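Structure file model.txt (compact mmCIF, C-alpha atoms) is printed below.
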```txt
# COMPACT_ATOMS: atom_id res chain seq x y z
CA MET U 1 -23.43 0.25 -32.65
CA LYS U 2 -24.72 -0.64 -29.20
CA PRO U 3 -26.08 2.05 -26.85
CA ASP U 4 -23.41 3.76 -24.71
CA SER U 5 -24.83 2.21 -21.54
CA HIS U 6 -23.81 -1.18 -22.91
CA LYS U 7 -20.18 -0.29 -23.47
CA ALA U 8 -17.32 -1.44 -21.26
CA LEU U 9 -13.87 -0.12 -20.42
CA LEU U 10 -11.02 -2.38 -21.53
CA VAL U 11 -8.17 -2.51 -18.99
CA ILE U 12 -4.83 -3.98 -20.08
CA ALA U 13 -1.82 -4.41 -17.78
CA LEU U 14 0.47 -7.19 -16.63
CA THR U 15 -1.36 -6.90 -13.29
CA SER U 16 -4.64 -5.14 -14.00
CA ARG U 17 -6.48 -5.53 -10.68
CA PRO U 18 -5.88 -2.01 -9.24
CA TYR U 19 -7.18 -0.34 -12.40
CA VAL U 20 -10.07 -2.77 -12.76
CA ALA U 21 -11.10 -2.04 -9.18
CA ALA U 22 -10.93 1.71 -9.81
CA ALA U 23 -12.95 1.50 -13.01
CA LYS U 24 -15.53 -0.71 -11.37
CA GLN U 25 -15.84 1.72 -8.45
CA ALA U 26 -16.30 4.54 -10.94
CA GLY U 27 -19.28 2.74 -12.44
CA PHE U 28 -17.80 1.17 -15.55
CA ARG U 29 -18.40 -2.30 -16.87
CA VAL U 30 -14.89 -3.72 -17.20
CA VAL U 31 -13.15 -6.33 -19.34
CA ALA U 32 -9.53 -7.04 -18.41
CA ILE U 33 -6.51 -8.44 -20.22
CA ASP U 34 -3.55 -9.33 -18.01
CA ALA U 35 -0.87 -11.92 -17.36
CA PHE U 36 -2.28 -13.63 -14.26
CA ALA U 37 -6.11 -13.45 -14.07
CA ASP U 38 -6.07 -13.56 -10.27
CA LYS U 39 -9.15 -14.14 -8.14
CA GLN U 40 -9.78 -10.49 -7.28
CA THR U 41 -9.62 -9.39 -10.92
CA ASN U 42 -12.00 -12.16 -11.89
CA ASP U 43 -14.40 -11.10 -9.14
CA LEU U 44 -14.40 -7.49 -10.37
CA ALA U 45 -14.31 -7.76 -14.16
CA GLU U 46 -16.99 -9.19 -16.41
CA ARG U 47 -14.30 -11.09 -18.28
CA VAL U 48 -10.57 -11.62 -17.80
CA ILE U 49 -8.31 -12.81 -20.61
CA ILE U 50 -4.77 -14.06 -20.00
CA VAL U 51 -1.97 -13.10 -22.39
CA ASP U 52 1.54 -14.51 -21.95
CA PHE U 53 4.48 -12.23 -21.17
CA ASP U 54 8.25 -12.10 -20.82
CA GLU U 55 10.76 -9.42 -19.78
CA ARG U 56 9.73 -7.31 -22.78
CA GLY U 57 6.06 -7.32 -21.83
CA PHE U 58 3.06 -8.97 -23.43
CA ASP U 59 3.35 -11.56 -26.19
CA ALA U 60 2.46 -9.40 -29.19
CA ALA U 61 0.98 -12.10 -31.42
CA MET U 62 -1.18 -13.49 -28.61
CA MET U 63 -2.31 -10.00 -27.61
CA MET U 64 -3.40 -9.06 -31.11
CA ALA U 65 -5.23 -12.35 -31.53
CA VAL U 66 -7.25 -11.40 -28.45
CA ILE U 67 -7.80 -7.78 -29.56
CA ASN U 68 -8.86 -8.83 -33.06
CA GLY U 69 -11.38 -11.19 -31.50
CA LEU U 70 -13.12 -8.33 -29.68
CA ASP U 71 -15.88 -6.15 -31.11
CA ALA U 72 -14.34 -2.68 -30.88
CA THR U 73 -17.79 -1.04 -30.71
CA ASP U 74 -18.33 -2.73 -27.33
CA TYR U 75 -15.71 -0.50 -25.67
CA TYR U 76 -15.29 3.13 -24.70
CA GLY U 77 -11.56 2.68 -24.97
CA VAL U 78 -8.45 1.15 -23.40
CA VAL U 79 -6.83 2.07 -20.09
CA TYR U 80 -3.37 0.50 -19.86
CA GLY U 81 -0.55 -0.11 -17.41
CA SER U 82 2.73 -2.02 -17.73
CA GLY U 83 3.47 -4.43 -20.55
CA PHE U 84 4.09 -2.10 -23.50
CA GLU U 85 7.13 0.07 -22.74
CA ALA U 86 9.55 -2.13 -24.69
CA GLN U 87 7.16 -2.50 -27.63
CA PRO U 88 5.10 0.66 -28.17
CA GLU U 89 4.30 -0.61 -31.65
CA LEU U 90 2.05 -3.23 -30.01
CA LEU U 91 0.15 -0.47 -28.26
CA GLN U 92 -0.22 1.28 -31.63
CA ASP U 93 -1.71 -1.88 -33.11
CA ILE U 94 -4.26 -1.91 -30.29
CA ALA U 95 -4.98 1.81 -30.77
CA ASN U 96 -5.74 1.14 -34.43
CA ARG U 97 -8.67 -0.99 -33.22
CA ILE U 98 -9.80 0.64 -29.95
CA PRO U 99 -9.15 4.21 -28.70
CA LEU U 100 -6.49 4.66 -26.01
CA PHE U 101 -7.02 6.57 -22.76
CA GLY U 102 -3.37 7.34 -22.08
CA ASN U 103 -0.20 8.63 -23.69
CA ASP U 104 -0.05 7.64 -27.33
CA PRO U 105 2.58 5.11 -28.48
CA THR U 106 4.84 7.75 -30.06
CA LYS U 107 5.19 9.46 -26.67
CA ILE U 108 5.98 6.16 -24.98
CA ALA U 109 8.63 5.43 -27.60
CA ALA U 110 10.16 8.87 -27.09
CA VAL U 111 10.19 8.69 -23.28
CA LYS U 112 11.55 5.14 -23.27
CA SER U 113 14.34 5.86 -25.76
CA PRO U 114 17.47 6.33 -23.61
CA ASP U 115 19.00 8.65 -26.21
CA ASN U 116 15.92 10.89 -26.34
CA PHE U 117 15.09 10.84 -22.65
CA PHE U 118 18.54 11.46 -21.21
CA ALA U 119 19.32 14.08 -23.86
CA ALA U 120 16.17 15.88 -22.70
CA LEU U 121 17.29 15.62 -19.07
CA THR U 122 20.65 17.11 -19.96
CA LYS U 123 19.10 19.93 -21.99
CA LEU U 124 16.65 20.71 -19.17
CA LYS U 125 19.47 20.58 -16.59
CA ILE U 126 17.72 17.78 -14.68
CA LEU U 127 20.23 15.72 -12.71
CA HIS U 128 20.47 12.00 -13.51
CA PRO U 129 22.97 9.13 -13.28
CA PRO U 130 25.18 9.31 -16.39
CA LEU U 131 24.87 6.81 -19.20
CA ILE U 132 27.94 4.78 -20.05
CA ASN U 133 29.06 4.38 -23.65
CA ALA U 134 32.52 2.82 -23.32
CA ARG U 135 33.55 0.23 -20.77
CA GLY U 136 35.74 -2.76 -20.11
CA THR U 137 35.05 -6.07 -18.43
CA ASP U 138 36.27 -4.97 -15.00
CA ASN U 139 33.81 -2.10 -14.46
CA ARG U 140 36.46 0.32 -15.72
CA VAL U 141 34.31 2.88 -17.50
CA ASP U 142 35.64 6.01 -19.21
CA GLY U 143 38.65 5.96 -16.88
CA TYR U 144 36.65 5.39 -13.69
CA LEU U 145 37.29 2.36 -11.56
CA HIS U 146 35.62 0.92 -8.45
CA LYS U 147 32.24 2.45 -9.22
CA LYS U 148 29.13 0.40 -9.85
CA TYR U 149 27.47 0.28 -13.24
CA ILE U 150 24.25 -1.41 -14.21
CA ARG U 151 22.61 -2.54 -17.43
CA LYS U 152 18.92 -1.91 -18.11
CA LEU U 153 16.60 -3.26 -20.78
CA VAL U 154 15.20 -0.46 -22.93
CA GLY U 155 11.55 -0.23 -21.87
CA GLY U 156 11.98 -2.75 -19.06
CA SER U 157 9.83 -2.66 -15.92
CA GLY U 158 9.66 -4.33 -12.53
CA GLY U 159 13.42 -4.31 -11.95
CA ILE U 160 14.00 -7.92 -13.05
CA HIS U 161 15.80 -6.71 -16.18
CA ILE U 162 18.43 -4.65 -14.28
CA GLN U 163 21.81 -6.34 -13.84
CA PRO U 164 25.37 -5.37 -12.93
CA ILE U 165 27.40 -4.87 -16.11
CA ASN U 166 29.83 -7.74 -15.38
CA GLY U 167 31.46 -7.60 -18.80
CA TYR U 168 28.33 -8.13 -20.90
CA PRO U 169 28.91 -7.05 -24.52
CA PRO U 170 27.07 -3.93 -25.76
CA SER U 171 23.54 -4.48 -27.07
CA ALA U 172 21.01 -2.21 -28.77
CA ASP U 173 18.31 -3.63 -26.49
CA TYR U 174 20.06 -2.40 -23.33
CA TYR U 175 21.68 0.73 -21.96
CA ASP U 176 24.35 1.06 -19.29
CA GLN U 177 24.23 3.58 -16.46
CA GLN U 178 26.10 4.49 -13.32
CA TYR U 179 24.50 3.05 -10.19
CA LEU U 180 23.75 5.51 -7.40
CA GLU U 181 23.20 4.66 -3.76
CA GLY U 182 20.24 6.39 -2.16
CA LYS U 183 16.52 6.17 -1.51
CA PRO U 184 14.35 5.06 -4.47
CA VAL U 185 11.43 7.50 -4.61
CA SER U 186 8.66 7.93 -7.15
CA LEU U 187 6.23 10.75 -7.82
CA LEU U 188 2.76 9.81 -9.03
CA PHE U 189 1.34 12.78 -10.90
CA LEU U 190 -1.47 13.82 -13.21
CA ALA U 191 -0.50 15.67 -16.39
CA GLU U 192 -3.12 17.79 -18.13
CA GLU U 193 -2.68 20.57 -20.67
CA GLY U 194 1.02 20.95 -19.88
CA SER U 195 0.64 21.19 -16.11
CA VAL U 196 1.18 18.59 -13.41
CA GLU U 197 -0.68 17.86 -10.21
CA VAL U 198 0.89 15.78 -7.44
CA VAL U 199 -0.97 12.64 -6.41
CA GLY U 200 1.72 11.48 -4.00
CA PHE U 201 5.34 10.65 -3.21
CA ASN U 202 6.29 7.01 -2.67
CA GLU U 203 9.28 5.01 -1.48
CA GLN U 204 10.07 1.81 -3.33
CA TRP U 205 12.19 -1.15 -2.27
CA HIS U 206 13.71 -4.25 -3.81
CA ASN U 207 13.19 -7.94 -3.17
CA PRO U 208 16.54 -9.13 -4.53
CA THR U 209 17.80 -12.53 -5.57
CA ALA U 210 21.30 -13.54 -6.63
CA PHE U 211 20.31 -13.24 -10.29
CA GLN U 212 17.77 -10.40 -9.98
CA PRO U 213 19.30 -7.89 -7.53
CA PHE U 214 16.83 -5.11 -8.39
CA ARG U 215 13.57 -7.09 -8.45
CA TYR U 216 10.61 -4.95 -7.37
CA GLY U 217 9.63 -5.61 -3.78
CA GLY U 218 6.97 -3.03 -2.98
CA ALA U 219 6.17 0.59 -2.27
CA VAL U 220 4.65 2.84 0.37
CA SER U 221 2.82 6.14 -0.03
CA ASN U 222 2.86 9.48 1.77
CA ILE U 223 6.55 9.38 2.63
CA PRO U 224 8.05 12.37 4.48
CA LEU U 225 10.21 14.50 2.20
CA ALA U 226 11.67 17.95 2.63
CA ALA U 227 9.94 20.70 0.68
CA ASP U 228 13.04 21.26 -1.45
CA ILE U 229 13.14 17.59 -2.48
CA LYS U 230 9.46 17.65 -3.41
CA ALA U 231 10.08 20.79 -5.43
CA GLN U 232 12.87 19.08 -7.38
CA PHE U 233 10.50 16.24 -8.28
CA VAL U 234 7.67 18.55 -9.32
CA GLN U 235 9.94 20.79 -11.39
CA ALA U 236 11.36 17.76 -13.23
CA ALA U 237 7.89 16.33 -13.85
CA GLN U 238 6.65 19.72 -15.08
CA LYS U 239 9.53 20.19 -17.52
CA LEU U 240 9.30 16.64 -18.87
CA THR U 241 5.53 16.85 -19.22
CA GLN U 242 5.89 19.92 -21.40
CA VAL U 243 8.72 18.50 -23.51
CA PHE U 244 7.10 15.10 -24.12
CA LYS U 245 3.50 16.41 -24.00
CA LEU U 246 2.45 13.85 -21.41
CA LYS U 247 -1.13 13.44 -20.29
CA GLY U 248 -3.02 11.50 -17.66
CA LEU U 249 -1.42 9.64 -14.77
CA ASN U 250 2.34 9.08 -14.97
CA SER U 251 5.11 8.32 -12.50
CA LEU U 252 8.62 9.68 -12.21
CA ASP U 253 11.26 7.43 -10.62
CA ALA U 254 14.40 8.84 -9.03
CA ILE U 255 17.14 8.26 -6.50
CA VAL U 256 17.38 10.75 -3.63
CA GLN U 257 20.97 11.08 -2.45
CA ASN U 258 22.04 13.75 0.04
CA ASP U 259 18.80 15.69 -0.55
CA VAL U 260 19.42 15.78 -4.31
CA VAL U 261 17.02 14.15 -6.79
CA TYR U 262 18.57 12.13 -9.64
CA VAL U 263 15.92 11.18 -12.20
CA LEU U 264 15.95 7.60 -13.50
CA GLU U 265 12.89 7.38 -15.74
CA ILE U 266 9.29 8.32 -16.34
CA ASN U 267 6.66 5.62 -16.63
CA PRO U 268 4.20 7.23 -19.06
CA ARG U 269 1.27 5.02 -18.05
CA LEU U 270 -0.65 3.86 -15.00
CA SER U 271 1.87 2.60 -12.44
CA ALA U 272 1.80 0.18 -9.53
CA THR U 273 1.71 3.05 -7.02
CA PHE U 274 -1.77 3.98 -8.30
CA ASP U 275 -2.93 1.28 -5.87
CA LEU U 276 -1.61 3.17 -2.83
CA TYR U 277 -4.03 6.09 -2.81
CA PRO U 278 -7.67 6.41 -1.72
CA GLY U 279 -10.15 7.76 -4.20
CA LYS U 280 -9.15 5.38 -7.00
CA ALA U 281 -12.41 6.08 -8.83
CA VAL U 282 -11.61 9.79 -8.91
CA ASN U 283 -8.06 9.13 -10.09
CA ILE U 284 -9.10 6.82 -12.94
CA LEU U 285 -11.77 9.30 -14.04
CA ARG U 286 -9.34 12.20 -13.95
CA HIS U 287 -6.85 10.12 -15.93
CA ILE U 288 -9.46 9.54 -18.62
CA GLN U 289 -10.57 13.16 -18.52
CA ALA U 290 -6.99 14.36 -19.02
CA CYS U 291 -6.59 11.99 -21.96
CA LEU U 292 -9.98 12.48 -23.59
CA SER U 293 -12.07 15.27 -22.11
CA GLU U 294 -15.50 14.42 -23.46
CA MET U 295 -18.80 12.86 -22.41
CA ILE U 296 -18.58 9.10 -21.89
CA GLN U 297 -21.82 8.38 -20.12
CA SER U 298 -25.34 9.34 -21.20
CA GLY U 299 -26.35 12.58 -19.49
CA MET U 300 -23.24 12.83 -17.31
CA THR U 301 -19.84 14.33 -18.08
CA LEU U 302 -16.61 13.13 -16.58
CA SER U 303 -16.42 16.32 -14.53
CA ARG U 304 -19.78 15.59 -12.97
CA MET U 305 -18.77 12.01 -12.29
CA ILE U 306 -15.60 13.24 -10.58
CA ASP U 307 -17.56 15.75 -8.49
CA SER U 308 -19.91 13.00 -7.36
CA TYR U 309 -16.98 11.07 -5.88
CA GLN U 310 -15.15 14.01 -4.29
CA ALA U 311 -17.49 14.10 -1.27
CA THR U 312 -16.77 10.45 -0.57
CA LEU U 313 -13.04 11.03 -1.01
CA ALA U 314 -13.12 13.95 1.44
CA ALA U 315 -14.29 11.58 4.17
CA ILE U 316 -11.28 9.29 3.66
CA SER U 317 -8.20 9.93 5.77
CA VAL U 318 -5.42 11.13 3.49
CA ASN U 319 -2.84 11.16 6.27
CA ASP U 320 -2.49 7.40 6.53
CA ALA U 321 0.19 5.67 4.49
CA HIS U 322 -0.59 2.66 2.34
CA ALA U 323 1.89 -0.01 1.30
CA HIS U 324 1.94 -3.05 -0.91
CA ALA U 325 4.57 -5.76 -1.18
CA ILE U 326 4.99 -8.60 -3.64
CA VAL U 327 5.18 -12.13 -2.25
CA TYR U 328 7.67 -14.28 -4.17
CA THR U 329 8.06 -17.94 -3.33
CA PRO U 330 11.71 -18.95 -2.72
CA ASP U 331 10.91 -22.54 -3.69
CA ALA U 332 8.43 -24.19 -6.02
CA LEU U 333 5.02 -24.14 -4.40
CA ALA U 334 1.69 -25.93 -4.82
CA ILE U 335 -1.27 -23.94 -3.47
CA SER U 336 -4.50 -25.78 -2.81
CA ALA U 337 -7.84 -24.30 -3.83
CA ASP U 338 -9.00 -24.25 -0.19
CA PHE U 339 -6.02 -22.28 1.15
CA ASP U 340 -7.31 -19.65 3.59
CA TRP U 341 -5.99 -16.36 2.26
CA PRO U 342 -5.86 -13.48 4.77
CA GLU U 343 -8.00 -10.45 3.99
CA TRP U 344 -4.90 -8.31 3.41
CA ALA U 345 -3.72 -10.53 0.53
CA THR U 346 -4.77 -9.71 -3.03
CA ASP U 347 -3.83 -10.77 -6.57
CA THR U 348 -4.22 -14.33 -5.28
CA PRO U 349 -4.43 -17.38 -7.58
CA LEU U 350 -7.94 -18.23 -8.72
CA ASN U 351 -7.69 -22.00 -8.34
CA MET U 352 -5.28 -24.64 -7.12
CA THR U 353 -2.03 -23.75 -8.76
CA TYR U 354 1.66 -24.61 -9.01
CA ILE U 355 4.10 -21.71 -8.84
CA GLU U 356 7.75 -22.04 -9.80
CA ALA U 357 10.52 -20.84 -7.50
CA GLN U 358 11.14 -17.07 -7.37
CA ARG U 359 7.86 -16.29 -9.11
CA PRO U 360 5.23 -13.89 -7.69
CA VAL U 361 2.46 -15.47 -5.65
CA CYS U 362 0.33 -12.48 -4.66
CA THR U 363 0.42 -8.98 -3.17
CA VAL U 364 -0.02 -8.01 0.47
CA LEU U 365 -1.52 -4.68 1.53
CA ALA U 366 -0.97 -2.64 4.69
CA THR U 367 -2.00 0.70 6.16
CA GLY U 368 -0.22 2.62 8.90
CA GLU U 369 -0.28 5.99 10.60
CA ASN U 370 2.94 6.80 8.77
CA SER U 371 4.96 5.38 5.90
CA GLU U 372 7.46 3.50 8.06
CA ALA U 373 4.70 1.74 10.00
CA ALA U 374 2.90 0.76 6.79
CA LYS U 375 6.13 -0.47 5.18
CA GLN U 376 7.09 -2.60 8.18
CA LEU U 377 3.60 -4.08 8.39
CA ALA U 378 3.61 -4.99 4.70
CA GLN U 379 7.03 -6.62 4.95
CA SER U 380 6.03 -8.57 8.06
CA ARG U 381 2.91 -9.80 6.28
CA VAL U 382 5.06 -11.13 3.46
CA LYS U 383 6.92 -13.28 5.99
CA ILE U 384 3.71 -14.41 7.70
CA LEU U 385 2.11 -15.43 4.42
CA LEU U 386 5.19 -17.23 3.14
CA LYS U 387 5.30 -19.25 6.36
CA SER U 388 1.63 -20.22 5.98
CA LEU U 389 2.08 -21.14 2.33
CA THR U 390 5.14 -23.26 3.11
CA GLU U 391 3.33 -25.11 5.89
CA ASN U 392 0.33 -25.68 3.62
CA ASN U 393 2.66 -27.08 0.96
CA LYS U 394 4.01 -29.87 3.18
```
With the file now loaded, output its structure as structure tokens.
Amino acid sequence: MKPDSHKALLVIALTSRPYVAAAKQAGFRVVAIDAFADKQTNDLAERVIIVDFDERGFDAAMMMAVINGLDATDYYGVVYGSGFEAQPELLQDIANRIPLFGNDPTKIAAVKSPDNFFAALTKLKILHPPLINARGTDNRVDGYLHKKYIRKLVGGSGGIHIQPINGYPPSADYYDQQYLEGKPVSLLFLAEEGSVEVVGFNEQWHNPTAFQPFRYGGAVSNIPLAADIKAQFVQAAQKLTQVFKLKGLNSLDAIVQNDVVYVLEINPRLSATFDLYPGKAVNILRHIQACLSEMIQSGMTLSRMIDSYQATLAAISVNDAHAHAIVYTPDALAISADFDWPEWATDTPLNMTYIEAQRPVCTVLATGENSEAAKQLAQSRVKILLKSLTENNK
């Protein structure tokens, strides 16, 4: 076995850059596995390996071919984000080779099972949009008419899997739920030893198409919420953490309607909103500490590493809001290698590339004195960048 100082952290996510950046800032050597291998991830990680994906996450056979080709003794463990919710058994296969820093696959399977999760919500008296078990082809569901109902892939992420029911036949891979109007809000929280600590509250928005009406558009941090609404989120997160024995960083998604929180799901892994908060090194270290509280670096415990970053974090303004937004190209697009990307663009293609219509191109970042300012700036930057890319494509 190699000395500890030679080990790396393995980061796996469909888009791994935020977690790679955090791990790098925290002093780790990093190897990444993701679906895009963008320029920024390549700049940060010692090695980036691409694995194909679809709406269910990573290609399992391709992923395990990569994992089996690695020397497990080269790694402290695996930090993971999206790509496994619909197939926790793949995460278990990885865990059999390299230790996981995160919720174990059995917890992911339990949280992502609609029957288990929504039964727990009901038992805990946590409000949520009702699931639909019987329906017709005209949105007539259990005697109700003229309400909206949506179908979701079990373990789906990113919103592209969510569709209006529209008479689709029942399927074990999907569940049907009443659609609620309201503000999509998420709580990023740290779970440790049965307790939760708030990292932040975020607003999310969609970037819809005719065929993907709930496609993820972006998110903004530090949104203003009434104390009672925040309390509803925290109480739900606390109860669910204790029932499912969650640990590390997780996010809880909900709809806020008339000051009432209706829980949609928990993402029991690192989420996209991790990218919206300063002190990423502290957050990734605390995530690992909550998952595996032991020494990982010669002569220095995680607690000491965290303490060493807290002074830096204290100097960062925590009042500003941070936003990110995904740039999707409406038409097929060829991007030249010499395209001049603005400094606020990230997750950009590494080389000259061809991107099919309605596929993600990159992410734009924005900071504002409040959440509305940051959100508007991010959305305006999406338009600015799309215009530049279109002109460059002529």
Could you give me the axis-aligned bounding box of range 379-384 of chain U, with 3 Å of padding per side, as centre plus edge lengths in Å to one decimal, as JSON?
```
{"center_x": 5.0, "center_y": -10.5, "center_z": 5.8, "size_x": 10.1, "size_y": 13.8, "size_z": 10.6}
```
Query - Exercise: His206 in chain U partners within 10 Å, only C-alpha atoms, chain neighbours under 6 positions left out, as a ChimeraX atom specification - result: /U:158-160,184,212-219,325-326
Query raised in the report: Ser388 in chain U: which residues within 12 Å, counting all atoms listed in the file, same-chain residues fewer than 2 positions away excluded, as a PyMOL selection string?
Result: chain U and resi 329+333+335+339-342+381-386+390-394
Requested in this report: In Å, rounded to a single decimal, give me how far CA of Ala366 in chain U is from CA of Pro278 in chain U.
Outcome: 13.0 Å
Query raised in the report: Of the residues U:Gln177, U:Asn103, U:Ser380, U:Gln358, which is the one nearest to Thr209 in chain U, using all atoms listed in the file?
Result: U:Gln358
Requested in this report: Tell me which protein, DNA and RNA residues are within 6 Å of range 45-48 of chain U, counting all atoms listed in the file, leaving out same-chain ones fewer than 3 positions away, and put them as a VMD selection string.
Outcome: chain U and resid 30 to 33 41 to 42
Query - 8 Å contact set for range 58-74 of chain U, all atoms listed in the file, chain neighbours under 3 positions out, as a ChimeraX atom specification - result: /U:1-2,6-8,14,35,51-54,83-84,90,93-94,97-98
Report summary line: As a check of understanding: the span from CA of Val79 in chain U to CA of Phe101 in chain U is 5.2 Å
Requested in this report: Just give me the residues with any atom within 6 Å of (3.1, 4.1, 2.1), file coordinates, counting all atoms listed in the file, written as a VMD selection string.
Outcome: chain U and resid 220 to 222 321 to 323 371 374
Written selection (C-alpha atoms) as an mmCIF file, keeping the file's coordinate frame:
```
data_model
loop_
_atom_site.group_PDB
_atom_site.id
_atom_site.type_symbol
_atom_site.label_atom_id
_atom_site.label_comp_id
_atom_site.auth_asym_id
_atom_site.auth_seq_id
_atom_site.Cartn_x
_atom_site.Cartn_y
_atom_site.Cartn_z
ATOM 1 C CA VAL U 220 4.650 2.840 0.370
ATOM 2 C CA SER U 221 2.820 6.140 -0.030
ATOM 3 C CA ASN U 222 2.860 9.480 1.770
ATOM 4 C CA ALA U 321 0.190 5.670 4.490
ATOM 5 C CA HIS U 322 -0.590 2.660 2.340
ATOM 6 C CA ALA U 323 1.890 -0.010 1.300
ATOM 7 C CA SER U 371 4.960 5.380 5.900
ATOM 8 C CA ALA U 374 2.900 0.760 6.790
#
```
